[in-house]
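A short worksheet on the structure shown next.
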Amino acid sequence: MITIAIADDHKLMSEGIASILQSDPDFSVTKICTNGKELVEYLKNHVVDLVLIDLNMPVLNGPDTIRILRNNCIPVKIVVLSMYADETIYAKCRELDINGYLHKDSDAQHLIDTIKVISAGENRYDYDHPTKSSSTDNSLFEDKFVNKFKLSQRELEIIQLVRNGHTNQEIADILFLSIHTVMTHRKNILHKLGVRNTAEMLTLISSN
């Protein structure tokens with residue numbers, strides 16, 4: 001029997017995943033947590049074989065939860081559940097020493113099969129053919145534009161994510177930053193570009 005704990009603040013998502021897993025006799029979902037802190041506390045007194053962790057959670061987010069589990073040497077396999085098909089966030093998740101990376105839109109059988117493979121000792125990542133992330137593609141900006149406004153690498157990443165329609169929270173998740181840090185970067189970007197708002201920023205960028 002493979003025991004599993006799930007950490008996801010979206011109740012319908014976590015309960016749906018639990019239902020899928022419970023339909024297989026090899027799985028037992030022993031706990032559903034709404035944030036990382038709740039999962040960490042649960043694992044202090046309970047042992048499970050594998051945890052499924054969402055990246056965007058209140059109180060304690062996914063990346064910080066994973067760091068705590070690894071730093072405390074909790075003997076559990078960690079699988080990230082992500083809604084983002086982004087190379088940047090995938091690469092940063094791999095740096096956290098996870099055992100698996102699954103998209104939230106995976107079909108039921110793929111979810112079941114992947115977790116069984118990971119439980120058997122093999123790592124699996126749903127990112128076999130990553131394309132270059134637009135969030136870090138500096139070729140989208142002319143050197144003269146970057147030099148003129150003295151934009152940093154992080155600011156370029158944030159500008160591109162804004163251009164792609166991401167919200168502050170999504171940018172924070174993708175870059176593993178706090179939402180406060182993202183908002184501070186955005187204010188600095190507006191100041192450097194000499195514009196008043198996002199619309200003016202996008203107009204200026206499009207004209208360069």
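The way I read the labels, and the way they are meant: chains A, B, ... in the order of the structure tokens, residue 1 as the first residue of every chain, and ligand 1 as the first ligand shown, with later ones counted on from there.
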
**Message:** List as a PyMOL selection string the protein and nucleic acid residues near segment 64-71 of chain A, meaning an atom at most 10 Å away when only C-alpha atoms are counted, but skip any in the same chain fewer than 2 places from it.
**Reply:** chain A and resi 7+35-40+43-44+51+53-55+57+60-62+73-80+93+96-98+176

Once you have the residues from the selection above, write them out as a short mmCIF file (atom, residue, chain, number, x, y, z; two decimals), in the first residue's frame, restricted to N, CA, C and O atoms.
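Contents of part.cif, as written:
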```cif
data_model
loop_
_atom_site.label_atom_id
_atom_site.label_comp_id
_atom_site.auth_asym_id
_atom_site.auth_seq_id
_atom_site.Cartn_x
_atom_site.Cartn_y
_atom_site.Cartn_z
N ALA A 7 -1.06 18.34 -0.42
CA ALA A 7 -1.10 19.71 0.07
C ALA A 7 -1.50 20.62 -1.09
O ALA A 7 -0.73 20.81 -2.04
N ASN A 35 -2.36 23.84 3.19
CA ASN A 35 -1.15 24.65 3.04
C ASN A 35 0.07 23.84 3.48
O ASN A 35 -0.06 22.77 4.08
N GLY A 36 1.26 24.38 3.20
CA GLY A 36 2.48 23.67 3.50
C GLY A 36 2.73 23.48 4.98
O GLY A 36 3.25 22.44 5.41
N LYS A 37 2.36 24.47 5.78
CA LYS A 37 2.59 24.37 7.22
C LYS A 37 1.81 23.20 7.81
O LYS A 37 2.32 22.45 8.65
N GLU A 38 0.59 23.04 7.36
CA GLU A 38 -0.24 21.93 7.83
C GLU A 38 0.39 20.59 7.47
O GLU A 38 0.39 19.65 8.27
N LEU A 39 0.96 20.51 6.28
CA LEU A 39 1.62 19.27 5.85
C LEU A 39 2.85 18.99 6.70
O LEU A 39 3.06 17.85 7.15
N VAL A 40 3.68 20.01 6.93
CA VAL A 40 4.89 19.84 7.73
C VAL A 40 4.53 19.36 9.13
O VAL A 40 5.17 18.45 9.67
N LEU A 43 3.47 15.69 9.09
CA LEU A 43 4.56 14.74 8.89
C LEU A 43 5.50 14.62 10.09
O LEU A 43 6.34 13.73 10.14
N LYS A 44 5.33 15.49 11.07
CA LYS A 44 6.11 15.36 12.30
C LYS A 44 5.70 14.13 13.09
O LYS A 44 6.51 13.53 13.82
N VAL A 51 4.31 12.61 -1.01
CA VAL A 51 3.46 13.80 -0.87
C VAL A 51 3.31 14.48 -2.22
O VAL A 51 4.25 14.54 -3.02
N ILE A 53 2.47 18.11 -3.73
CA ILE A 53 2.52 19.47 -3.23
C ILE A 53 2.23 20.49 -4.34
O ILE A 53 2.90 20.49 -5.38
N ASP A 54 1.26 21.34 -4.09
CA ASP A 54 0.98 22.46 -4.98
C ASP A 54 2.02 23.55 -4.71
O ASP A 54 2.52 23.67 -3.59
N LEU A 55 2.32 24.36 -5.69
CA LEU A 55 3.33 25.41 -5.50
C LEU A 55 2.75 26.67 -4.86
O LEU A 55 3.39 27.31 -4.05
N MET A 57 0.40 28.13 -2.39
CA MET A 57 -0.45 27.90 -1.23
C MET A 57 -0.25 29.03 -0.23
O MET A 57 0.83 29.62 -0.15
N LEU A 60 2.33 28.77 3.95
CA LEU A 60 3.65 28.26 3.58
C LEU A 60 3.53 27.68 2.18
O LEU A 60 2.80 26.69 1.96
N ASN A 61 4.23 28.28 1.21
CA ASN A 61 4.07 27.85 -0.18
C ASN A 61 4.81 26.54 -0.47
O ASN A 61 5.52 26.01 0.38
N GLY A 62 4.64 26.05 -1.69
CA GLY A 62 5.23 24.77 -2.07
C GLY A 62 6.74 24.72 -1.97
O GLY A 62 7.30 23.82 -1.33
N CYS A 73 15.30 16.25 6.56
CA CYS A 73 15.53 14.85 6.16
C CYS A 73 14.30 13.97 6.37
O CYS A 73 14.41 12.82 6.83
N ILE A 74 13.13 14.51 6.05
CA ILE A 74 11.90 13.71 6.13
C ILE A 74 11.94 12.66 5.01
O ILE A 74 12.07 13.00 3.84
N PRO A 75 11.87 11.38 5.36
CA PRO A 75 11.99 10.32 4.36
C PRO A 75 10.70 10.14 3.55
O PRO A 75 9.92 9.22 3.77
N VAL A 76 10.49 11.02 2.59
CA VAL A 76 9.27 10.97 1.79
C VAL A 76 9.59 11.39 0.36
O VAL A 76 10.46 12.23 0.13
N LYS A 77 8.92 10.79 -0.58
CA LYS A 77 9.07 11.18 -1.98
C LYS A 77 8.17 12.39 -2.24
O LYS A 77 7.03 12.43 -1.80
N ILE A 78 8.72 13.36 -2.95
CA ILE A 78 8.01 14.63 -3.16
C ILE A 78 7.69 14.81 -4.64
O ILE A 78 8.57 14.75 -5.50
N VAL A 79 6.41 15.03 -4.92
CA VAL A 79 5.96 15.27 -6.28
C VAL A 79 5.27 16.63 -6.32
O VAL A 79 4.36 16.90 -5.54
N VAL A 80 5.70 17.48 -7.23
CA VAL A 80 5.10 18.81 -7.39
C VAL A 80 3.93 18.73 -8.36
O VAL A 80 4.03 18.10 -9.41
N CYS A 93 12.16 23.88 -9.61
CA CYS A 93 11.63 22.73 -8.87
C CYS A 93 12.66 21.59 -8.85
O CYS A 93 12.85 20.94 -7.82
N LEU A 96 15.20 21.75 -6.22
CA LEU A 96 14.74 21.46 -4.86
C LEU A 96 14.80 19.97 -4.53
O LEU A 96 14.33 19.55 -3.48
N ASP A 97 15.34 19.18 -5.43
CA ASP A 97 15.50 17.74 -5.20
C ASP A 97 14.16 17.03 -5.06
O ASP A 97 13.93 16.27 -4.11
N ILE A 98 13.27 17.31 -6.01
CA ILE A 98 11.98 16.63 -6.00
C ILE A 98 12.08 15.31 -6.77
O ILE A 98 13.01 15.09 -7.53
N PHE A 176 9.54 32.02 -7.87
CA PHE A 176 9.79 31.67 -6.47
C PHE A 176 10.13 32.91 -5.64
O PHE A 176 11.10 32.93 -4.89
#
```

**Request:** Find the spatial neighbours of segment 169-173 of chain A, counting only C-alpha atoms, within a cut-off of 7 Å - ignore same-chain residues fewer than 6 positions away - and output them as number ranges by chain.
**Result:** A: 55-56, 161, 179, 182

**Request:** Just list the residues in segment 18-175 of chain A DSSP gives helix (DSSP H, G or I) on the backbone, as number ranges by chain.
**Result:** A: 18-22, 36-45, 62-71, 87-95, 108-119, 134-136, 138-140, 143-149, 153-163, 168-175

**Asked** Which neighbours of Gly121 of chain A fall inside 12 Å, counting only C-alpha atoms, when residues of the same chain fewer than 4 positions from it are skipped, and could you give them as a list of chain:residue names?
**Response**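 The filter keeps A:Asp49, A:Leu50, A:Val76, A:Lys77, A:Ile78, A:Asn99, A:Gly100, A:Thr114, A:Ile115, A:Lys116, A:Val117.
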
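Shell of Ile32 of chain A at 10 Å, with only C-alpha atoms counted and residues fewer than 5 places along the chain excluded, is Ile4, Ala5, Ile6, Ala7, Asp8, Asp9, Lys11, Ser14, Glu15, Ala18, Glu38, Leu39, Tyr42, Val51 and Leu52 of chain A.
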
Let me see the file: selected residues, N, CA and C atoms, as a PDB file, in the first residue's frame.
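Ended up saving to result-v4.pdb:
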```pdb
ATOM      1  N   ILE A   4      -0.220   8.340   0.881  1.00  0.00           N
ATOM      2  CA  ILE A   4      -0.022   9.639   0.223  1.00  0.00           C
ATOM      3  C   ILE A   4      -0.677  10.749   1.031  1.00  0.00           C
ATOM      4  N   ALA A   5       0.011  11.883   1.104  1.00  0.00           N
ATOM      5  CA  ALA A   5      -0.569  13.106   1.647  1.00  0.00           C
ATOM      6  C   ALA A   5      -0.575  14.155   0.543  1.00  0.00           C
ATOM      7  N   ILE A   6      -1.613  14.978   0.521  1.00  0.00           N
ATOM      8  CA  ILE A   6      -1.760  16.008  -0.508  1.00  0.00           C
ATOM      9  C   ILE A   6      -1.795  17.382   0.154  1.00  0.00           C
ATOM     10  N   ALA A   7      -1.063  18.337  -0.417  1.00  0.00           N
ATOM     11  CA  ALA A   7      -1.101  19.714   0.065  1.00  0.00           C
ATOM     12  C   ALA A   7      -1.501  20.622  -1.094  1.00  0.00           C
ATOM     13  N   ASP A   8      -2.710  21.154  -1.026  1.00  0.00           N
ATOM     14  CA  ASP A   8      -3.238  22.020  -2.079  1.00  0.00           C
ATOM     15  C   ASP A   8      -4.377  22.828  -1.478  1.00  0.00           C
ATOM     16  N   ASP A   9      -4.351  24.132  -1.657  1.00  0.00           N
ATOM     17  CA  ASP A   9      -5.385  24.962  -1.032  1.00  0.00           C
ATOM     18  C   ASP A   9      -6.683  24.997  -1.835  1.00  0.00           C
ATOM     19  N   LYS A  11      -9.699  23.116  -2.715  1.00  0.00           N
ATOM     20  CA  LYS A  11     -10.377  21.932  -2.181  1.00  0.00           C
ATOM     21  C   LYS A  11     -10.872  20.995  -3.275  1.00  0.00           C
ATOM     22  N   SER A  14      -7.810  19.111  -4.763  1.00  0.00           N
ATOM     23  CA  SER A  14      -7.216  18.101  -3.882  1.00  0.00           C
ATOM     24  C   SER A  14      -8.159  16.924  -3.666  1.00  0.00           C
ATOM     25  N   GLU A  15      -9.435  17.213  -3.503  1.00  0.00           N
ATOM     26  CA  GLU A  15     -10.397  16.120  -3.303  1.00  0.00           C
ATOM     27  C   GLU A  15     -10.557  15.307  -4.581  1.00  0.00           C
ATOM     28  N   ALA A  18      -7.500  13.092  -4.792  1.00  0.00           N
ATOM     29  CA  ALA A  18      -7.627  12.036  -3.786  1.00  0.00           C
ATOM     30  C   ALA A  18      -8.597  10.960  -4.252  1.00  0.00           C
ATOM     31  N   GLU A  38       0.592  23.041   7.357  1.00  0.00           N
ATOM     32  CA  GLU A  38      -0.239  21.935   7.833  1.00  0.00           C
ATOM     33  C   GLU A  38       0.394  20.595   7.469  1.00  0.00           C
ATOM     34  N   LEU A  39       0.963  20.509   6.277  1.00  0.00           N
ATOM     35  CA  LEU A  39       1.619  19.269   5.852  1.00  0.00           C
ATOM     36  C   LEU A  39       2.849  18.992   6.700  1.00  0.00           C
ATOM     37  N   TYR A  42       1.845  17.750  10.047  1.00  0.00           N
ATOM     38  CA  TYR A  42       1.317  16.380   9.953  1.00  0.00           C
ATOM     39  C   TYR A  42       2.450  15.356   9.874  1.00  0.00           C
ATOM     40  N   VAL A  51       4.305  12.614  -1.007  1.00  0.00           N
ATOM     41  CA  VAL A  51       3.459  13.802  -0.865  1.00  0.00           C
ATOM     42  C   VAL A  51       3.306  14.480  -2.216  1.00  0.00           C
ATOM     43  N   LEU A  52       2.102  14.962  -2.484  1.00  0.00           N
ATOM     44  CA  LEU A  52       1.810  15.764  -3.659  1.00  0.00           C
ATOM     45  C   LEU A  52       1.673  17.204  -3.192  1.00  0.00           C
TER      46      LEU A  52
END
```

**Asked** Expressed in Å to a single decimal, how great is the separation between atom CA of Val29 of chain A and atom CA of Thr3 of chain A?
**Response** 5.9 Å

**Message:** At a cut-off of 9 Å, using only C-alpha atoms, what residues contact Met83 of chain A? Leave out same-chain residues fewer than 2 positions from it and give the result as a PyMOL selection string.
**Reply:** chain A and resi 54-55+81+85+102-105

File of the preceding selection, all heavy atoms, as an mmCIF file, in the first residue's frame:
```
data_model
loop_
_atom_site.group_PDB
_atom_site.id
_atom_site.type_symbol
_atom_site.label_atom_id
_atom_site.label_comp_id
_atom_site.auth_asym_id
_atom_site.auth_seq_id
_atom_site.Cartn_x
_atom_site.Cartn_y
_atom_site.Cartn_z
ATOM 1 N N ASP A 54 1.255 21.337 -4.090
ATOM 2 C CA ASP A 54 0.983 22.463 -4.976
ATOM 3 C C ASP A 54 2.017 23.551 -4.705
ATOM 4 O O ASP A 54 2.523 23.668 -3.586
ATOM 5 C CB ASP A 54 -0.431 22.983 -4.697
ATOM 6 C CG ASP A 54 -0.828 24.124 -5.616
ATOM 7 O OD1 ASP A 54 -0.301 24.188 -6.738
ATOM 8 O OD2 ASP A 54 -1.674 24.945 -5.212
ATOM 9 N N LEU A 55 2.323 24.361 -5.687
ATOM 10 C CA LEU A 55 3.328 25.406 -5.504
ATOM 11 C C LEU A 55 2.754 26.667 -4.865
ATOM 12 O O LEU A 55 3.391 27.306 -4.046
ATOM 13 C CB LEU A 55 3.968 25.764 -6.849
ATOM 14 C CG LEU A 55 4.836 24.679 -7.474
ATOM 15 C CD1 LEU A 55 5.302 25.117 -8.856
ATOM 16 C CD2 LEU A 55 6.028 24.348 -6.593
ATOM 17 N N LEU A 81 2.839 19.364 -7.976
ATOM 18 C CA LEU A 81 1.700 19.530 -8.865
ATOM 19 C C LEU A 81 1.729 20.961 -9.376
ATOM 20 O O LEU A 81 1.691 21.901 -8.578
ATOM 21 C CB LEU A 81 0.389 19.280 -8.118
ATOM 22 C CG LEU A 81 0.097 17.847 -7.695
ATOM 23 C CD1 LEU A 81 -1.125 17.817 -6.791
ATOM 24 C CD2 LEU A 81 -0.142 16.970 -8.919
ATOM 25 N N ALA A 85 3.262 25.528 -17.419
ATOM 26 C CA ALA A 85 4.142 24.891 -18.401
ATOM 27 C C ALA A 85 5.265 25.879 -18.695
ATOM 28 O O ALA A 85 5.347 26.456 -19.770
ATOM 29 C CB ALA A 85 3.374 24.541 -19.667
ATOM 30 N N LEU A 102 4.346 16.947 -11.938
ATOM 31 C CA LEU A 102 3.142 16.592 -12.686
ATOM 32 C C LEU A 102 2.308 17.823 -12.983
ATOM 33 O O LEU A 102 2.131 18.685 -12.120
ATOM 34 C CB LEU A 102 2.286 15.606 -11.889
ATOM 35 C CG LEU A 102 2.665 14.135 -11.910
ATOM 36 C CD1 LEU A 102 1.907 13.383 -10.835
ATOM 37 C CD2 LEU A 102 2.378 13.530 -13.282
ATOM 38 N N HIS A 103 1.763 17.898 -14.190
ATOM 39 C CA HIS A 103 0.829 18.966 -14.519
ATOM 40 C C HIS A 103 -0.542 18.634 -13.929
ATOM 41 O O HIS A 103 -0.963 17.480 -13.904
ATOM 42 C CB HIS A 103 0.705 19.116 -16.037
ATOM 43 C CG HIS A 103 1.948 19.623 -16.688
ATOM 44 N ND1 HIS A 103 2.472 20.867 -16.410
ATOM 45 C CD2 HIS A 103 2.784 19.063 -17.597
ATOM 46 C CE1 HIS A 103 3.570 21.047 -17.122
ATOM 47 N NE2 HIS A 103 3.791 19.966 -17.844
ATOM 48 N N LYS A 104 -1.228 19.668 -13.485
ATOM 49 C CA LYS A 104 -2.536 19.449 -12.868
ATOM 50 C C LYS A 104 -3.587 18.965 -13.855
ATOM 51 O O LYS A 104 -4.623 18.448 -13.451
ATOM 52 C CB LYS A 104 -3.018 20.739 -12.187
ATOM 53 C CG LYS A 104 -2.309 21.033 -10.875
ATOM 54 C CD LYS A 104 -2.980 22.164 -10.127
ATOM 55 C CE LYS A 104 -2.374 22.327 -8.743
ATOM 56 N NZ LYS A 104 -3.041 23.380 -7.962
ATOM 57 N N ASP A 105 -3.325 19.141 -15.143
ATOM 58 C CA ASP A 105 -4.296 18.684 -16.143
ATOM 59 C C ASP A 105 -3.995 17.270 -16.641
ATOM 60 O O ASP A 105 -4.554 16.818 -17.640
ATOM 61 C CB ASP A 105 -4.365 19.656 -17.316
ATOM 62 C CG ASP A 105 -3.029 19.819 -18.034
ATOM 63 O OD1 ASP A 105 -2.035 19.210 -17.579
ATOM 64 O OD2 ASP A 105 -2.981 20.551 -19.033
#
```

**Message:** Would you compute the distance between atom CA of Val146 of chain A and atom CA of Ile158 of chain A? Give it in Å to one decimal.
**Reply:**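 Between atom CA of Val146 of chain A and atom CA of Ile158 of chain A the gap works out to 13.5 Å.
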
**Which of segment 88-203 of chain A fall in strand (DSSP E or B), as a ChimeraX atom specification** = /A:100-103,124-125

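What separates atom CA of Phe145 of chain A from atom CA of Ile205 of chain A is a distance of 8.6 Å.
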
**Request:** Tell me, as an MDAnalysis selection string, which residues lie within 10 Å of Asp24 of chain A, counting only C-alpha atoms; anything in the same chain fewer than 5 positions away does not count.
**Result:** chainID A and resid 19 109 112
